[in-house]
Each structure stands twice: as structure tokens, then as C-alpha cells.
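Before any comments, here is the structure.
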Amino acid sequence: MEDKINRSGFVNIIGNPNVGKSTLMNALVGEKLSIVTAKAQTTRHRIMGIVNGDDYQIVFSDTPGILKPSYELQEAMMNFVDTAIGDADIIIYVTDVYESSEKNREYVDKLNLLSVPVIVVINKIDKLIGDESASGKKDAKGRLESQSIESLVEKWHGLVPKADILPMSALEKFNTDILLNKIVSLLPQQPAWYDRDVFTDKNLRFFASEILREKILENYTKEIPYCTEVVIEQFKEEEEMYSIEAVINVVRESQKGIIIGKKGAALKRVGTQARKEMENFFEKKVFLKIFVKVDPSWRENKKELKRFGYIQ
């Protein structure tokens, strides 16, 4: 039977850290493909999620948060962002109700130079209360007290006149259906890029490493999450389970001690949480073994970054 898909396109999501890009993509795709934490730089790779309708295919891309690079890893992360801008059929720029429009302003200005459609999503409007002019004050629950949706929409219309502006709560899935319908209406007339049974460009090893990295982000503070890289050394599919061996790379010996914890308690906790999450994601039993290795220069070493998938 001939596939009816005649509209498809790459819809690439960019924006500053912590505005909810990963939450938005997961909501649009209907699967947790990107890890989500409250920490900046949670997303390091460009991750694709594919949505098929009766006659369309949307290839979403989540990207790292925009930043000014300080070392080779961050340079590679920003290359993912720049590539996503260059190969998009539609750009979604995500901001939120807290963010200053001056942050990494050069990327906002780039939006006006693009020939492809741009949608600016103002995320986290569930944090808004009241309809006065913006003051930036917060109540006891951390919500903005007097920031109006109308004033935010007007501000972003002024900054990016060519864009559609859409207030949204990705966490609450408020207006995600409107965004999806808008995207479908903007898709170019072209055949599908991927088969219907493909839902991402990443393999199971990648998701295993990201799940473990998510648990590191959730369980450790300060510099620890940003100095770690997870590598899946073995991913063996057995009849009733996946047998996985992972290595957590850290920069210093002291970080290795923190990751492991007293009598191995911290690493055991992280391993248990990661294993349970993997079992939910893979829908199969998982045997997970974790090692910790000191690799002082991995964030600056292009050979290592290529091995970890940051450089093609």
C-alpha cells in the first residue's frame, strides 16, 4: 500500500538553557526522548523525535541550550545548535516568562534573517498570575505576580515580527495541540524522510547513557554533573533482559569519590534509579553494571568527544 505522506519537514527547537525545550519536544512527540532536569546544559546532543500523521511527518530536533562556549565540549554543543538552524524547515524558538530577551540576543536577531517559518513559544505561562504590567516579582510558589501574557506576546512580536508567537505550558501540555496544528500547516510538500516505524534517530545505547546521565544530574550538585560523561561499553540483548555495562567518566579523582560515595552508597542509589528508568523505557528487565573512570581531559579532547558522539 502506498504511503499517503506528502508533507514532511525538520522542525528544530532552539533556545536558551532551562526554558523547557526538552519538555516541549517530549510533549509533542509523546515519548520521553530528551532527559529533563532543572539544571542547565541538561541536553548535550541533538536528539530527533518523529511524529507521523495520516499524510504528514514531522521530524523534531531538541538541541542544547544556547551558551557562550568555554571548552571544546560546549563548542561541539553549539555546533549542534547552528546545524539545526541551518537545516530546518521550521524553527521553534523557546523562551519563557522569566527570561530576558537580551540573553544571547544574537540568536534572536538571527531569527529575522531566516527564510523558513519561525514560531516563538513563550513557555511556562502556568507560572503567570494577574494581568498587570510586568514587574518580575514572585509569590511564595515562585510564580510571577504581574506579568501579562499580552505584554509578553507584544514584546516578542516586536523582536521577531515575522514569527508566530504562541504562549504555552509544555509541562501542562497547554496549547501544544495548537502548536502541532500550526506546524502541520507549515510543512513543505515533500515525501517522508523516515519509515513510519522509526520514532528517533538514536539507538538504545544512547538512551541508556542518557537515562544514567539524568540520574547523575538529579543526584549530584555543583560541578559534578558537568564533569561527567556516560559511555555504554556493553549493551547485550539476552532473551529476557538487557545486560548493560556503563562507564561514568569524571575529570578528577575527588569527583570519582563523590560519585561512588561512602561504601558505594551514592553510586548504588544512582544505579538503582537508572535501572528502573531503563526498564520502564525499554519495557524489559535490565542488568546494569557501572564503573567510574577518571579522564581529566575528556571535555577538551577532540578524539574523546568524537568517541562520545559530539563530533562527527
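By order of appearance in the C-alpha cells: chains A, B, ..., then residues from 1 within every chain, and ligands from 1 in the order shown.
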
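Residues in contact range of A:Glu277, defined as at most 9 Å between only C-alpha atoms, with sequence neighbours fewer than 5 positions away removed, read Ile211, Leu212, Thr272 and Phe282 of chain A.
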
Extract, using only C-alpha atoms, all DNA, RNA and protein residues at most 6 Å from A:Asp295, discarding same-chain residues fewer than 4 positions from it, and format them as a compact mmCIF listing (two decimals) with C-alpha atoms, in the first residue's frame.
# COMPACT_ATOMS: atom_id res chain seq x y z
CA ASN A 249 33.90 9.39 33.14
CA VAL A 250 34.90 12.19 35.54
CA VAL A 251 37.62 14.82 35.40

Counting only C-alpha atoms, which residues in stretch 55-84 of chain A sit no more than 12 Å from stretch 223-244 of chain A? For each one, give the nearest pair of atoms and the distance in Å, sorted by chain then residue number, as CSV.
residue,atom,partner,partner_atom,distance
A:Tyr71,CA,A:Cys227,CA,11.8
A:Leu73,CA,A:Tyr226,CA,10.2
A:Gln74,CA,A:Tyr226,CA,10.6

Worksheet item: Could you pull out the strand (DSSP E or B) residues of stretch 29-273 of chain A from DSSP and send them as a PyMOL selection string?
Response: chain A and resi 47-52+56-62+90-96+118-123+128+138+144+164-167+169+174+189+200+229-237+241-250

Practice prompt. Have a look at atom CA of A:Phe287 and atom CA of A:Phe206 and let me know their distance in Å, one decimal.
Written response: 16.4 Å

Under the rule of at most 12 Å, produce a per-residue listing of stretch 167-246 of chain A near stretch 51-67 of chain A: chain, number, name, the closest pair of atoms, and the distance in Å, as CSV, using only C-alpha atoms.
residue,atom,partner,partner_atom,distance
A:Leu180,CA,A:Ile58,CA,9.4
A:Asn181,CA,A:Gly53,CA,11.0
A:Lys182,CA,A:Ile58,CA,11.8
A:Ile183,CA,A:Ile58,CA,8.2
A:Val184,CA,A:Tyr56,CA,7.3
A:Ser185,CA,A:Tyr56,CA,9.9
A:Leu186,CA,A:Ile58,CA,10.6
A:Leu187,CA,A:Ile58,CA,8.0
A:Pro188,CA,A:Tyr56,CA,9.6
A:Gln189,CA,A:Tyr56,CA,9.1
A:Gln190,CA,A:Tyr56,CA,9.1
A:Pro191,CA,A:Tyr56,CA,8.3
A:Ala192,CA,A:Gln57,CA,5.9
A:Trp193,CA,A:Gln57,CA,7.8
A:Tyr194,CA,A:Gln57,CA,8.3
A:Asp195,CA,A:Asn52,CA,9.4
A:Arg196,CA,A:Asn52,CA,6.7
A:Asp197,CA,A:Asn52,CA,9.2
A:Val198,CA,A:Val51,CA,9.1
A:Phe199,CA,A:Val51,CA,7.0
A:Thr200,CA,A:Val59,CA,8.5
A:Asp201,CA,A:Val59,CA,9.7
A:Lys202,CA,A:Ser61,CA,11.5

Once you have the residues from the selection above, write them out as a PDB file, in the first residue's frame, restricted to C-alpha atoms.
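Just written: part_32.pdb:
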ATOM      1  CA  LEU A 180       1.163  20.923  16.437  1.00  0.00           C
ATOM      2  CA  ASN A 181      -1.627  22.056  14.104  1.00  0.00           C
ATOM      3  CA  LYS A 182       0.349  25.175  13.202  1.00  0.00           C
ATOM      4  CA  ILE A 183       3.437  23.098  12.398  1.00  0.00           C
ATOM      5  CA  VAL A 184       1.439  20.756  10.163  1.00  0.00           C
ATOM      6  CA  SER A 185       0.054  23.719   8.231  1.00  0.00           C
ATOM      7  CA  LEU A 186       3.604  24.998   7.579  1.00  0.00           C
ATOM      8  CA  LEU A 187       5.198  21.716   6.456  1.00  0.00           C
ATOM      9  CA  PRO A 188       6.700  21.696   2.952  1.00  0.00           C
ATOM     10  CA  GLN A 189       5.244  19.460   0.270  1.00  0.00           C
ATOM     11  CA  GLN A 190       7.727  16.578   0.172  1.00  0.00           C
ATOM     12  CA  PRO A 191       7.768  12.842   0.953  1.00  0.00           C
ATOM     13  CA  ALA A 192       8.654  11.362   4.335  1.00  0.00           C
ATOM     14  CA  TRP A 193      12.288  11.266   5.421  1.00  0.00           C
ATOM     15  CA  TYR A 194      11.910   8.196   7.644  1.00  0.00           C
ATOM     16  CA  ASP A 195       9.841   4.999   7.681  1.00  0.00           C
ATOM     17  CA  ARG A 196       6.705   5.101   9.780  1.00  0.00           C
ATOM     18  CA  ASP A 197       8.076   2.627  12.326  1.00  0.00           C
ATOM     19  CA  VAL A 198      11.048   4.900  13.190  1.00  0.00           C
ATOM     20  CA  PHE A 199      10.468   7.286  16.100  1.00  0.00           C
ATOM     21  CA  THR A 200      14.002   8.622  16.708  1.00  0.00           C
ATOM     22  CA  ASP A 201      17.456   8.679  15.153  1.00  0.00           C
ATOM     23  CA  LYS A 202      19.135   7.459  18.367  1.00  0.00           C
TER      24      LYS A 202
END

Discussion item. Counting only C-alpha atoms, which residue out of A:Lys284, A:Asp177, A:Asn104, A:Lys293 sits closest to A:Pro69?
Written reply: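 Using only C-alpha atoms, the shortest distance to A:Pro69 belongs to A:Asn104.
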
Worksheet item: Among stretch 35-95 of chain A, which ones does DSSP place in helix (DSSP H, G or I), written as a list in words?
Response: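 Taking stretch 35-95 of chain A and keeping helix (DSSP H, G or I) only, one gets Glu72, Leu73, Gln74, Glu75, Ala76, Met77, Met78, Asn79, Phe80, Val81, Asp82, Thr83, Ala84, Ile85 and Gly86 of chain A.
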
Worksheet, complete the sentence: Separating atom CA of A:Gly86 from atom CA of A:Asn112, to the nearest tenth of an Å, is a gap of 13.6 Å

Worksheet item: Counting only C-alpha atoms, what is within 7 Å of A:Asn123, bar same-chain residues fewer than 4 positions away, as a PyMOL selection string?
Response: chain A and resi 19-20+94-97+167-170

Limited to C-alpha atoms, could you put the picked residues into a file as a PDB file, in the first residue's frame?
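Full text of part18.pdb as output:
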ATOM      1  CA  VAL A  19      13.318  27.312  29.080  1.00  0.00           C
ATOM      2  CA  GLY A  20      11.697  23.889  28.577  1.00  0.00           C
ATOM      3  CA  VAL A  94      11.535  28.638  23.005  1.00  0.00           C
ATOM      4  CA  THR A  95      11.650  31.340  25.640  1.00  0.00           C
ATOM      5  CA  ASP A  96       9.759  31.569  28.930  1.00  0.00           C
ATOM      6  CA  VAL A  97       8.062  34.056  31.222  1.00  0.00           C
ATOM      7  CA  PRO A 167       2.088  31.281  24.775  1.00  0.00           C
ATOM      8  CA  MET A 168       2.258  27.759  26.159  1.00  0.00           C
ATOM      9  CA  SER A 169       2.852  25.447  29.090  1.00  0.00           C
ATOM     10  CA  ALA A 170       4.764  22.420  27.809  1.00  0.00           C
TER      11      ALA A 170
END

Worksheet entry | Among the residues A:Met278, A:Ala76, A:Val160, A:Leu152, the one that comes closest to A:Leu114 [using only C-alpha atoms] |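 For A:Leu114, the nearest of the candidates is A:Val160.
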
Item to complete: Could you give me, as a VMD selection string, the residues within 12 Å of A:Asn280, counting only C-alpha atoms and dropping anything in the same chain fewer than 4 positions from it?
Response: chain A and resid 31 to 32 207 to 208 211 273 to 276 284 to 286

May I have the selected residues written with N, CA and C atoms, as a PDB file, in the first residue's frame?
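Writing done, so here's result06.pdb:
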ATOM      1  N   GLU A  31       6.729  10.837  23.729  1.00  0.00           N
ATOM      2  CA  GLU A  31       7.692   9.922  24.337  1.00  0.00           C
ATOM      3  C   GLU A  31       8.753  10.750  25.054  1.00  0.00           C
ATOM      4  N   LYS A  32       9.319  10.172  26.120  1.00  0.00           N
ATOM      5  CA  LYS A  32      10.415  10.859  26.791  1.00  0.00           C
ATOM      6  C   LYS A  32      11.715  10.501  26.080  1.00  0.00           C
ATOM      7  N   PHE A 207      20.065   5.974  24.620  1.00  0.00           N
ATOM      8  CA  PHE A 207      19.059   6.239  25.647  1.00  0.00           C
ATOM      9  C   PHE A 207      19.477   5.681  27.003  1.00  0.00           C
ATOM     10  N   ALA A 208      20.186   4.565  27.007  1.00  0.00           N
ATOM     11  CA  ALA A 208      20.702   4.030  28.266  1.00  0.00           C
ATOM     12  C   ALA A 208      21.680   5.017  28.896  1.00  0.00           C
ATOM     13  N   ILE A 211      19.745   8.144  30.217  1.00  0.00           N
ATOM     14  CA  ILE A 211      18.998   7.865  31.451  1.00  0.00           C
ATOM     15  C   ILE A 211      19.934   7.878  32.647  1.00  0.00           C
ATOM     16  N   GLN A 273      18.146   3.751  40.497  1.00  0.00           N
ATOM     17  CA  GLN A 273      17.203   4.647  39.827  1.00  0.00           C
ATOM     18  C   GLN A 273      17.301   4.523  38.306  1.00  0.00           C
ATOM     19  N   ALA A 274      18.536   4.451  37.803  1.00  0.00           N
ATOM     20  CA  ALA A 274      18.734   4.354  36.355  1.00  0.00           C
ATOM     21  C   ALA A 274      18.194   3.032  35.819  1.00  0.00           C
ATOM     22  N   ARG A 275      18.451   1.960  36.539  1.00  0.00           N
ATOM     23  CA  ARG A 275      17.978   0.647  36.084  1.00  0.00           C
ATOM     24  C   ARG A 275      16.452   0.629  35.990  1.00  0.00           C
ATOM     25  N   LYS A 276      15.777   1.156  36.996  1.00  0.00           N
ATOM     26  CA  LYS A 276      14.310   1.175  36.983  1.00  0.00           C
ATOM     27  C   LYS A 276      13.775   2.019  35.832  1.00  0.00           C
ATOM     28  N   LYS A 284      11.607  -3.898  29.413  1.00  0.00           N
ATOM     29  CA  LYS A 284      12.316  -5.161  29.540  1.00  0.00           C
ATOM     30  C   LYS A 284      13.216  -5.088  30.771  1.00  0.00           C
ATOM     31  N   LYS A 285      13.503  -6.211  31.388  1.00  0.00           N
ATOM     32  CA  LYS A 285      14.392  -6.267  32.534  1.00  0.00           C
ATOM     33  C   LYS A 285      15.787  -5.813  32.132  1.00  0.00           C
ATOM     34  N   VAL A 286      16.481  -5.161  33.064  1.00  0.00           N
ATOM     35  CA  VAL A 286      17.827  -4.656  32.802  1.00  0.00           C
ATOM     36  C   VAL A 286      18.761  -5.090  33.923  1.00  0.00           C
TER      37      VAL A 286
END

Practice prompt. Could you please determine the separation between atom CA of A:Gly30 and atom CA of A:Gly49 in Å, to one decimal place?
Written response: 9.2 Å

Discussion item. Counting only C-alpha atoms, which residue out of A:Lys222, A:Lys162, A:Lys68, A:Lys155 sits closest to A:Ile119?
Written reply: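 Smallest distance to A:Ile119 is found for A:Lys162.
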
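Counting only C-alpha atoms and comparing A:Glu304, A:Ile91, A:Ile216, A:Ser254, the residue that lies closest to A:Arg269 is A:Ile216.
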
Item to complete: Can you work out which one of A:Ile290, A:Glu102, A:Asp164, A:Trp298 has the shortest atom-to-atom distance to A:Leu179, counting only C-alpha atoms?
Response: A:Asp164

Practice prompt. Name the residues in contact with A:Asp89 at a cut-off of 7 Å, using only C-alpha atoms, excluding same-chain residues fewer than 5 positions from it; report them as a PyMOL selection string.
Written response: chain A and resi 9-11+116
